[in-house]
>>> print(open('protein-v1.pdb').read())   # PDB, C-alpha atoms and all ligand atoms
MODEL        1
ATOM      1  CA  MET J   1       0.000   0.000   0.000  1.00  0.00           C
ATOM      2  CA  SER J   2       1.327   3.449  -0.928  1.00  0.00           C
ATOM      3  CA  LYS J   3       1.308   6.284   1.556  1.00  0.00           C
ATOM      4  CA  VAL J   4       1.278  10.027   0.824  1.00  0.00           C
ATOM      5  CA  THR J   5       3.097  11.948   3.549  1.00  0.00           C
ATOM      6  CA  ILE J   6       3.232  15.725   3.841  1.00  0.00           C
ATOM      7  CA  HIS J   7       6.456  16.826   5.502  1.00  0.00           C
ATOM      8  CA  MET J   8       7.257  20.358   6.550  1.00  0.00           C
ATOM      9  CA  VAL J   9       9.565  22.199   8.918  1.00  0.00           C
ATOM     10  CA  SER J  10       7.748  24.904  10.860  1.00  0.00           C
ATOM     11  CA  SER J  11       8.291  27.565  13.506  1.00  0.00           C
ATOM     12  CA  LEU J  12       6.183  27.249  16.652  1.00  0.00           C
ATOM     13  CA  ASP J  13       3.850  29.926  15.263  1.00  0.00           C
ATOM     14  CA  GLY J  14       3.271  27.927  12.068  1.00  0.00           C
ATOM     15  CA  PHE J  15       5.537  29.659   9.542  1.00  0.00           C
ATOM     16  CA  ILE J  16       7.471  27.574   6.990  1.00  0.00           C
ATOM     17  CA  ALA J  17       9.390  30.416   5.329  1.00  0.00           C
ATOM     18  CA  LYS J  18      10.423  33.976   6.022  1.00  0.00           C
ATOM     19  CA  ASN J  19       9.368  36.697   3.589  1.00  0.00           C
ATOM     20  CA  ASP J  20      12.989  37.375   2.613  1.00  0.00           C
ATOM     21  CA  GLY J  21      13.734  33.663   2.022  1.00  0.00           C
ATOM     22  CA  ASP J  22      16.340  33.548   4.810  1.00  0.00           C
ATOM     23  CA  ILE J  23      16.660  30.024   6.236  1.00  0.00           C
ATOM     24  CA  SER J  24      19.176  30.651   9.008  1.00  0.00           C
ATOM     25  CA  TRP J  25      16.328  30.075  11.513  1.00  0.00           C
ATOM     26  CA  MET J  26      16.492  26.382  10.550  1.00  0.00           C
ATOM     27  CA  ARG J  27      19.992  26.020  11.997  1.00  0.00           C
ATOM     28  CA  LEU J  28      19.520  24.935  15.581  1.00  0.00           C
ATOM     29  CA  ASP J  29      21.664  25.672  18.602  1.00  0.00           C
ATOM     30  CA  ASP J  30      19.169  24.724  21.301  1.00  0.00           C
ATOM     31  CA  SER J  31      19.831  21.870  23.716  1.00  0.00           C
ATOM     32  CA  PHE J  32      17.236  19.468  25.119  1.00  0.00           C
ATOM     33  CA  GLU J  33      18.920  16.905  27.357  1.00  0.00           C
ATOM     34  CA  GLU J  34      16.208  14.221  27.125  1.00  0.00           C
ATOM     35  CA  GLY J  35      15.941  14.366  23.332  1.00  0.00           C
ATOM     36  CA  ILE J  36      17.427  11.899  20.876  1.00  0.00           C
ATOM     37  CA  GLU J  37      20.447  12.698  18.700  1.00  0.00           C
ATOM     38  CA  LEU J  38      19.749  13.551  15.056  1.00  0.00           C
ATOM     39  CA  THR J  39      22.578  11.374  13.766  1.00  0.00           C
ATOM     40  CA  ASP J  40      23.541  10.500  10.170  1.00  0.00           C
ATOM     41  CA  GLU J  41      22.241   6.974  10.872  1.00  0.00           C
ATOM     42  CA  TYR J  42      18.861   8.372  11.987  1.00  0.00           C
ATOM     43  CA  ILE J  43      18.645  10.505   8.837  1.00  0.00           C
ATOM     44  CA  ALA J  44      19.647   7.550   6.608  1.00  0.00           C
ATOM     45  CA  GLU J  45      16.910   5.418   8.211  1.00  0.00           C
ATOM     46  CA  PHE J  46      14.381   8.263   7.761  1.00  0.00           C
ATOM     47  CA  LEU J  47      15.284   8.662   4.064  1.00  0.00           C
ATOM     48  CA  LYS J  48      14.638   4.950   3.441  1.00  0.00           C
ATOM     49  CA  LYS J  49      10.901   5.670   3.824  1.00  0.00           C
ATOM     50  CA  ILE J  50      10.957   8.025   0.818  1.00  0.00           C
ATOM     51  CA  ASP J  51      10.554   6.602  -2.712  1.00  0.00           C
ATOM     52  CA  CYS J  52       9.723   9.886  -4.437  1.00  0.00           C
ATOM     53  CA  TYR J  53       9.235  13.552  -3.622  1.00  0.00           C
ATOM     54  CA  MET J  54       6.566  15.976  -4.816  1.00  0.00           C
ATOM     55  CA  MET J  55       6.697  19.747  -4.504  1.00  0.00           C
ATOM     56  CA  GLY J  56       5.230  22.987  -5.798  1.00  0.00           C
ATOM     57  CA  SER J  57       7.175  25.085  -8.284  1.00  0.00           C
ATOM     58  CA  ARG J  58       8.118  27.797  -5.766  1.00  0.00           C
ATOM     59  CA  THR J  59       9.630  25.189  -3.457  1.00  0.00           C
ATOM     60  CA  TYR J  60      11.546  23.777  -6.449  1.00  0.00           C
ATOM     61  CA  GLU J  61      12.876  27.230  -7.357  1.00  0.00           C
ATOM     62  CA  HIS J  62      13.944  27.776  -3.759  1.00  0.00           C
ATOM     63  CA  ALA J  63      15.637  24.346  -3.674  1.00  0.00           C
ATOM     64  CA  LEU J  64      17.590  25.244  -6.814  1.00  0.00           C
ATOM     65  CA  LYS J  65      18.968  28.337  -5.085  1.00  0.00           C
ATOM     66  CA  LEU J  66      19.808  26.526  -1.841  1.00  0.00           C
ATOM     67  CA  GLY J  67      21.411  23.441  -3.360  1.00  0.00           C
ATOM     68  CA  TRP J  68      19.805  20.113  -4.283  1.00  0.00           C
ATOM     69  CA  ALA J  69      18.817  18.154  -1.168  1.00  0.00           C
ATOM     70  CA  TYR J  70      16.979  15.244  -2.819  1.00  0.00           C
ATOM     71  CA  GLY J  71      19.874  13.128  -4.077  1.00  0.00           C
ATOM     72  CA  ASP J  72      18.985  10.708  -6.882  1.00  0.00           C
ATOM     73  CA  THR J  73      15.413  10.130  -5.695  1.00  0.00           C
ATOM     74  CA  SER J  74      12.652  10.974  -8.195  1.00  0.00           C
ATOM     75  CA  VAL J  75      11.176  14.462  -7.751  1.00  0.00           C
ATOM     76  CA  PHE J  76       7.838  15.554  -9.258  1.00  0.00           C
ATOM     77  CA  VAL J  77       7.345  19.302  -9.513  1.00  0.00           C
ATOM     78  CA  LEU J  78       3.883  20.806  -9.959  1.00  0.00           C
ATOM     79  CA  THR J  79       3.904  23.746 -12.347  1.00  0.00           C
ATOM     80  CA  ASN J  80       2.115  25.324 -15.274  1.00  0.00           C
ATOM     81  CA  ARG J  81       5.344  26.976 -16.421  1.00  0.00           C
ATOM     82  CA  ASP J  82       8.449  25.878 -18.325  1.00  0.00           C
ATOM     83  CA  LEU J  83      11.039  25.478 -15.591  1.00  0.00           C
ATOM     84  CA  PRO J  84      14.658  24.298 -15.953  1.00  0.00           C
ATOM     85  CA  LYS J  85      15.040  20.534 -15.525  1.00  0.00           C
ATOM     86  CA  ILE J  86      18.262  20.341 -13.566  1.00  0.00           C
ATOM     87  CA  ARG J  87      18.472  16.552 -13.233  1.00  0.00           C
ATOM     88  CA  GLU J  88      17.236  13.416 -14.945  1.00  0.00           C
ATOM     89  CA  THR J  89      15.304  12.562 -11.769  1.00  0.00           C
ATOM     90  CA  VAL J  90      13.100  15.691 -12.048  1.00  0.00           C
ATOM     91  CA  GLU J  91       9.714  15.568 -13.813  1.00  0.00           C
ATOM     92  CA  PHE J  92       7.128  18.315 -14.183  1.00  0.00           C
ATOM     93  CA  TYR J  93       3.376  17.906 -13.921  1.00  0.00           C
ATOM     94  CA  SER J  94       0.404  20.145 -14.455  1.00  0.00           C
ATOM     95  CA  GLY J  95      -3.234  19.179 -14.065  1.00  0.00           C
ATOM     96  CA  ASP J  96      -5.497  16.983 -11.979  1.00  0.00           C
ATOM     97  CA  LEU J  97      -3.767  16.017  -8.747  1.00  0.00           C
ATOM     98  CA  LYS J  98      -6.076  13.113  -7.855  1.00  0.00           C
ATOM     99  CA  ASN J  99      -5.339  11.367 -11.166  1.00  0.00           C
ATOM    100  CA  PHE J 100      -1.655  12.085 -10.831  1.00  0.00           C
ATOM    101  CA  ILE J 101      -1.383  10.601  -7.338  1.00  0.00           C
ATOM    102  CA  ASN J 102      -3.724   7.648  -7.834  1.00  0.00           C
ATOM    103  CA  ASP J 103      -2.908   6.630 -11.424  1.00  0.00           C
ATOM    104  CA  LYS J 104       0.712   7.666 -11.923  1.00  0.00           C
ATOM    105  CA  LEU J 105       2.493   7.739  -8.558  1.00  0.00           C
ATOM    106  CA  LYS J 106       0.741   5.157  -6.369  1.00  0.00           C
ATOM    107  CA  PRO J 107       1.209   2.179  -8.706  1.00  0.00           C
ATOM    108  CA  LYS J 108       4.946   2.931  -8.874  1.00  0.00           C
ATOM    109  CA  TYR J 109       5.989   4.372  -5.490  1.00  0.00           C
ATOM    110  CA  LYS J 110       5.290   3.249  -1.927  1.00  0.00           C
ATOM    111  CA  GLY J 111       6.532   6.242   0.082  1.00  0.00           C
ATOM    112  CA  ILE J 112       5.355   9.436  -1.643  1.00  0.00           C
ATOM    113  CA  TRP J 113       6.600  12.529   0.198  1.00  0.00           C
ATOM    114  CA  MET J 114       5.003  15.902  -0.462  1.00  0.00           C
ATOM    115  CA  VAL J 115       7.546  18.416   0.792  1.00  0.00           C
ATOM    116  CA  GLY J 116       5.774  21.729   0.279  1.00  0.00           C
ATOM    117  CA  GLY J 117       5.198  24.472   0.025  1.00  0.00           C
ATOM    118  CA  ALA J 118       2.124  25.856   1.690  1.00  0.00           C
ATOM    119  CA  GLU J 119      -0.041  26.253  -1.431  1.00  0.00           C
ATOM    120  CA  VAL J 120       0.390  22.660  -2.555  1.00  0.00           C
ATOM    121  CA  THR J 121       0.017  21.300   0.983  1.00  0.00           C
ATOM    122  CA  LYS J 122      -3.318  23.035   1.394  1.00  0.00           C
ATOM    123  CA  GLU J 123      -4.474  21.697  -1.987  1.00  0.00           C
ATOM    124  CA  PHE J 124      -3.542  18.155  -0.913  1.00  0.00           C
ATOM    125  CA  ILE J 125      -5.472  18.461   2.339  1.00  0.00           C
ATOM    126  CA  ARG J 126      -8.536  19.999   0.665  1.00  0.00           C
ATOM    127  CA  LEU J 127      -8.601  17.174  -1.903  1.00  0.00           C
ATOM    128  CA  GLY J 128      -8.062  14.481   0.759  1.00  0.00           C
ATOM    129  CA  LEU J 129      -4.915  13.220  -0.978  1.00  0.00           C
ATOM    130  CA  ALA J 130      -2.600  12.929   2.015  1.00  0.00           C
ATOM    131  CA  ASP J 131      -2.504  10.004   4.442  1.00  0.00           C
ATOM    132  CA  GLU J 132      -0.090  11.491   6.950  1.00  0.00           C
ATOM    133  CA  VAL J 133       1.427  14.820   8.062  1.00  0.00           C
ATOM    134  CA  VAL J 134       4.888  14.932   9.625  1.00  0.00           C
ATOM    135  CA  ILE J 135       5.683  18.338  11.052  1.00  0.00           C
ATOM    136  CA  SER J 136       9.082  19.213  12.485  1.00  0.00           C
ATOM    137  CA  ILE J 137       8.649  22.156  14.869  1.00  0.00           C
ATOM    138  CA  LEU J 138      11.728  24.258  15.542  1.00  0.00           C
ATOM    139  CA  PRO J 139      12.226  26.236  18.769  1.00  0.00           C
ATOM    140  CA  ILE J 140      11.519  29.691  17.346  1.00  0.00           C
ATOM    141  CA  ILE J 141       8.641  32.131  16.889  1.00  0.00           C
ATOM    142  CA  LEU J 142       9.163  33.795  13.491  1.00  0.00           C
ATOM    143  CA  GLY J 143       6.308  36.283  13.695  1.00  0.00           C
ATOM    144  CA  ASP J 144       5.965  36.699   9.932  1.00  0.00           C
ATOM    145  CA  GLY J 145       6.334  34.799   6.651  1.00  0.00           C
ATOM    146  CA  THR J 146       4.467  31.999   4.851  1.00  0.00           C
ATOM    147  CA  LEU J 147       1.979  30.127   7.020  1.00  0.00           C
ATOM    148  CA  PHE J 148       1.706  26.372   6.652  1.00  0.00           C
ATOM    149  CA  PHE J 149      -2.013  25.839   7.291  1.00  0.00           C
ATOM    150  CA  ASP J 150      -3.775  29.173   7.029  1.00  0.00           C
ATOM    151  CA  TYR J 151      -7.396  29.137   5.885  1.00  0.00           C
ATOM    152  CA  ILE J 152      -7.653  25.696   4.340  1.00  0.00           C
ATOM    153  CA  GLY J 153     -11.369  26.349   4.550  1.00  0.00           C
ATOM    154  CA  GLN J 154     -12.446  22.974   5.881  1.00  0.00           C
ATOM    155  CA  GLU J 155     -11.993  20.902   9.008  1.00  0.00           C
ATOM    156  CA  GLN J 156      -9.639  17.907   8.921  1.00  0.00           C
ATOM    157  CA  LYS J 157      -9.548  15.453  11.837  1.00  0.00           C
ATOM    158  CA  LEU J 158      -6.137  14.071  12.760  1.00  0.00           C
ATOM    159  CA  HIS J 159      -4.865  11.136  14.790  1.00  0.00           C
ATOM    160  CA  LEU J 160      -1.490  11.578  16.526  1.00  0.00           C
ATOM    161  CA  THR J 161       0.652   8.517  15.767  1.00  0.00           C
ATOM    162  CA  ASP J 162       4.149   9.549  16.850  1.00  0.00           C
ATOM    163  CA  VAL J 163       6.096  12.217  18.755  1.00  0.00           C
ATOM    164  CA  THR J 164       9.891  12.512  18.771  1.00  0.00           C
ATOM    165  CA  ALA J 165      11.880  15.187  20.585  1.00  0.00           C
ATOM    166  CA  PHE J 166      15.486  15.762  19.505  1.00  0.00           C
ATOM    167  CA  LYS J 167      18.503  17.024  21.433  1.00  0.00           C
ATOM    168  CA  ASN J 168      18.663  20.099  19.181  1.00  0.00           C
ATOM    169  CA  GLY J 169      15.208  21.258  20.335  1.00  0.00           C
ATOM    170  CA  MET J 170      13.237  20.064  17.299  1.00  0.00           C
ATOM    171  CA  VAL J 171       9.977  18.187  17.931  1.00  0.00           C
ATOM    172  CA  GLU J 172       8.583  15.946  15.227  1.00  0.00           C
ATOM    173  CA  LEU J 173       4.845  15.257  15.285  1.00  0.00           C
ATOM    174  CA  THR J 174       3.273  12.610  13.046  1.00  0.00           C
ATOM    175  CA  TYR J 175      -0.459  12.645  12.357  1.00  0.00           C
ATOM    176  CA  GLU J 176      -2.671  10.381  10.321  1.00  0.00           C
ATOM    177  CA  LEU J 177      -5.404  12.205   8.394  1.00  0.00           C
ATOM    178  CA  ILE J 178      -8.768  10.658   9.186  1.00  0.00           C
ATOM    179  CA  ASN J 179     -11.473  10.000   6.578  1.00  0.00           C
ATOM    180  CA  ASN J 180      -9.624  11.254   3.537  1.00  0.00           C
ATOM    181  CA  VAL J 181     -10.908  10.179   0.125  1.00  0.00           C
ATOM    182  CA  ASN J 182      -8.491   7.273  -0.129  1.00  0.00           C
ATOM    183  CA  GLN J 183      -9.668   5.556   3.071  1.00  0.00           C
TER     184      GLN J 183
HETATM  185  N1  LIG I   1       9.843  24.885   5.947  1.00  0.00           N
HETATM  186  C1  LIG I   1       9.673  23.931   5.055  1.00  0.00           C
HETATM  187  O1  LIG I   1       9.718  22.726   5.363  1.00  0.00           O
HETATM  188  C2  LIG I   1       9.374  24.280   3.632  1.00  0.00           C
HETATM  189  C3  LIG I   1       9.077  23.259   2.724  1.00  0.00           C
HETATM  190  C4  LIG I   1       8.786  23.612   1.415  1.00  0.00           C
HETATM  191  C5  LIG I   1       8.772  24.930   1.034  1.00  0.00           C
HETATM  192  N2  LIG I   1       9.061  25.899   1.934  1.00  0.00           N
HETATM  193  C6  LIG I   1       9.030  27.317   1.522  1.00  0.00           C
HETATM  194  O2  LIG I   1       7.704  27.643   1.097  1.00  0.00           O
HETATM  195  C7  LIG I   1       7.773  28.616   0.051  1.00  0.00           C
HETATM  196  C8  LIG I   1       7.020  28.101  -1.172  1.00  0.00           C
HETATM  197  O3  LIG I   1       5.697  27.776  -0.851  1.00  0.00           O
HETATM  198  P1  LIG I   1       4.462  28.387  -1.642  1.00  0.00           P
HETATM  199  O4  LIG I   1       3.214  28.040  -0.904  1.00  0.00           O
HETATM  200  O5  LIG I   1       4.745  29.828  -1.903  1.00  0.00           O
HETATM  201  O6  LIG I   1       4.540  27.669  -3.074  1.00  0.00           O
HETATM  202  P2  LIG I   1       4.561  26.105  -3.500  1.00  0.00           P
HETATM  203  O7  LIG I   1       3.423  25.392  -2.843  1.00  0.00           O
HETATM  204  O8  LIG I   1       5.928  25.564  -3.377  1.00  0.00           O
HETATM  205  O9  LIG I   1       4.281  26.233  -5.079  1.00  0.00           O
HETATM  206  C9  LIG I   1       3.065  26.740  -5.574  1.00  0.00           C
HETATM  207  C10 LIG I   1       3.057  26.554  -7.092  1.00  0.00           C
HETATM  208  O10 LIG I   1       2.887  25.179  -7.420  1.00  0.00           O
HETATM  209  C11 LIG I   1       2.240  25.079  -8.679  1.00  0.00           C
HETATM  210  N3  LIG I   1       1.020  24.248  -8.568  1.00  0.00           N
HETATM  211  C12 LIG I   1       0.223  24.054  -7.496  1.00  0.00           C
HETATM  212  N4  LIG I   1      -0.766  23.183  -7.797  1.00  0.00           N
HETATM  213  C13 LIG I   1      -0.583  22.829  -9.101  1.00  0.00           C
HETATM  214  C14 LIG I   1      -1.253  21.954 -10.014  1.00  0.00           C
HETATM  215  N5  LIG I   1      -2.344  21.260  -9.644  1.00  0.00           N
HETATM  216  N6  LIG I   1      -0.763  21.838 -11.276  1.00  0.00           N
HETATM  217  C15 LIG I   1       0.326  22.535 -11.661  1.00  0.00           C
HETATM  218  N7  LIG I   1       0.998  23.361 -10.845  1.00  0.00           N
HETATM  219  C16 LIG I   1       0.548  23.505  -9.589  1.00  0.00           C
HETATM  220  C17 LIG I   1       1.936  26.492  -9.153  1.00  0.00           C
HETATM  221  O11 LIG I   1       3.097  26.801  -9.923  1.00  0.00           O
HETATM  222  P3  LIG I   1       3.211  27.683 -11.243  1.00  0.00           P
HETATM  223  O12 LIG I   1       2.979  29.077 -10.779  1.00  0.00           O
HETATM  224  O13 LIG I   1       4.615  27.426 -11.658  1.00  0.00           O
HETATM  225  O14 LIG I   1       2.189  27.193 -12.215  1.00  0.00           O
HETATM  226  C18 LIG I   1       1.947  27.275  -7.835  1.00  0.00           C
HETATM  227  O15 LIG I   1       2.259  28.636  -8.020  1.00  0.00           O
HETATM  228  C19 LIG I   1       9.265  28.818  -0.253  1.00  0.00           C
HETATM  229  O16 LIG I   1       9.707  29.962   0.433  1.00  0.00           O
HETATM  230  C20 LIG I   1       9.904  27.581   0.318  1.00  0.00           C
HETATM  231  O17 LIG I   1      11.234  27.790   0.696  1.00  0.00           O
HETATM  232  C21 LIG I   1       9.379  25.608   3.224  1.00  0.00           C
ENDMDL
END
>>> encode(input="protein-v1.pdb", output="structure tokens")
Amino acid sequence: MSKVTIHMVSSLDGFIAKNDGDISWMRLDDSFEEGIELTDEYIAEFLKKIDCYMMGSRTYEHALKLGWAYGDTSVFVLTNRDLPKIRETVEFYSGDLKNFINDKLKPKYKGIWMVGGAEVTKEFIRLGLADEVVISILPIILGDGTLFFDYIGQEQKLHLTDVTAFKNGMVELTYELINNVNQ
């Protein structure tokens, strides 16, 4: 069975990006004694769950500026524009998201990770396309920027399935989305 997971890094006040694009707030220097270490082994184990990534075009453009973080894993970028294809593993898509997920991605990939940004995430939740949300909350209040979940316009029940606190102050919450169209 395939699973569609939304993953996002957020400030405590729900922002995923600053207006000026600065990402220095994602570098952590907090210390939480009881937390677990975010080791290379932990990250390698985490990455094993991911068979392909999906993202909106603005997230793709930002990733191009920051440096490619997706290795050789397949990446599907949603866009209605002609964007530069920087690797063989990148594919562009425009159109009906339900068909794309159910007919193209699910038969081929088990772990489908939707990694932002806010616009695409909200579309996924509205359409009931996600099975799970993993949110990594960093110890900061940003006060301004792009909000993760503002005004989706409908209620979505969640079931908390996991909580992990890390030594660097990050808390990772995992929720299952209840009663989405695929269940
Ligand atoms: N903190 C985090 O974990 C995290 C994660 C990801 C992103 N971010 C940040 O979030 C910001 C970007 O988020 P965003 O909400 O502005 O934009 P976004 O969701 O990344 O991209 C939105 C774009 O996706 C395209 N799109 C959406 N649905 C589509 C569909 N059905 N078919 C074709 N194209 C579709 C459209 O692109 P076109 O206009 O090209 O048609 C739309 O303008 C960046 O600053 C990024 O760094 C943060």
>>> resolve_selection(input="protein-v1.pdb", expression="the PyMOL selection byres (((chain J and resi 109-116) around 8) and not hetatm)", output="list in words")
Met1, Ser2, Lys3, Val4, Thr5, Ile6, His7, Met8, Lys49, Ile50, Asp51, Cys52, Tyr53, Met54, Met55, Gly56, Thr59, Leu105, Lys106, Pro107, Lys108, Gly117, Ala118, Glu119, Val120 and Thr121 of chain J
>>> residues_around(input="protein-v1.pdb", residues="J:Ile137", least_positions_apart="3", cutoff="8 Å", atoms="only C-alpha atoms", output="VMD selection string")
chain J and resid 9 to 12 170 to 173
>>> axis_aligned_box(input="protein-v1.pdb", around="ligand LIG 1 (chain I)", padding_each_side="8 Å", output="lines of an AutoDock Vina configuration file")
center_x = 4.4
center_y = 25.6
center_z = -3.1
size_x = 29.6
size_y = 24.7
size_z = 34.2
>>> closest_atom_pairs(input="protein-v1.pdb", of="chain J", to="ligand LIG 1 (chain I)", cutoff="9 Å", atoms="only C-alpha atoms and all ligand atoms", output="tab-separated table")
residue	atom	partner	partner_atom	distance
J:His7	CA	I:LIG1	O1	6.7
J:Met8	CA	I:LIG1	O1	3.6
J:Val9	CA	I:LIG1	O1	3.6
J:Ser10	CA	I:LIG1	N1	5.3
J:Ser11	CA	I:LIG1	N1	8.2
J:Phe15	CA	I:LIG1	N1	7.4
J:Ile16	CA	I:LIG1	N1	3.7
J:Ala17	CA	I:LIG1	C6	4.9
J:Lys18	CA	I:LIG1	O16	6.9
J:Asn19	CA	I:LIG1	O16	7.4
J:Asp20	CA	I:LIG1	O16	8.4
J:Gly21	CA	I:LIG1	O16	5.7
J:Asp22	CA	I:LIG1	O16	8.7
J:Ile23	CA	I:LIG1	O17	8.1
J:Met26	CA	I:LIG1	N1	8.2
J:Met55	CA	I:LIG1	O8	6.0
J:Gly56	CA	I:LIG1	O9	3.5
J:Ser57	CA	I:LIG1	O10	4.4
J:Arg58	CA	I:LIG1	O8	3.9
J:Thr59	CA	I:LIG1	O8	3.7
J:Tyr60	CA	I:LIG1	O8	6.6
J:Glu61	CA	I:LIG1	C19	8.1
J:His62	CA	I:LIG1	O17	5.2
J:Ala63	CA	I:LIG1	O17	7.1
J:Val77	CA	I:LIG1	N7	7.7
J:Leu78	CA	I:LIG1	N7	4.0
J:Thr79	CA	I:LIG1	N7	3.3
J:Asn80	CA	I:LIG1	O14	3.6
J:Arg81	CA	I:LIG1	O13	4.8
J:Asp82	CA	I:LIG1	O13	7.8
J:Leu83	CA	I:LIG1	O13	7.8
J:Phe92	CA	I:LIG1	C15	8.4
J:Tyr93	CA	I:LIG1	C15	6.0
J:Ser94	CA	I:LIG1	C15	3.7
J:Gly95	CA	I:LIG1	N6	4.6
J:Asp96	CA	I:LIG1	N5	5.8
J:Leu97	CA	I:LIG1	N5	5.5
J:Met114	CA	I:LIG1	C4	8.8
J:Val115	CA	I:LIG1	C4	5.4
J:Gly116	CA	I:LIG1	C4	3.7
J:Gly117	CA	I:LIG1	O3	3.5
J:Ala118	CA	I:LIG1	O4	3.6
J:Glu119	CA	I:LIG1	O4	3.8
J:Val120	CA	I:LIG1	O7	4.1
J:Thr121	CA	I:LIG1	O7	6.6
J:Lys122	CA	I:LIG1	O7	8.3
J:Glu123	CA	I:LIG1	N4	7.1
J:Phe124	CA	I:LIG1	N4	9.0
J:Ile135	CA	I:LIG1	O1	8.2
J:Ser136	CA	I:LIG1	O1	8.0
J:Gly145	CA	I:LIG1	O16	8.6
J:Thr146	CA	I:LIG1	O2	6.6
J:Leu147	CA	I:LIG1	O4	8.3
J:Phe148	CA	I:LIG1	O4	7.9
>>> closest_residue(input="protein-v1.pdb", among="J:Gly14, J:Lys167, J:Tyr42, J:Ser74", to="J:Asp150", atoms="all atoms listed in the file")
J:Gly14
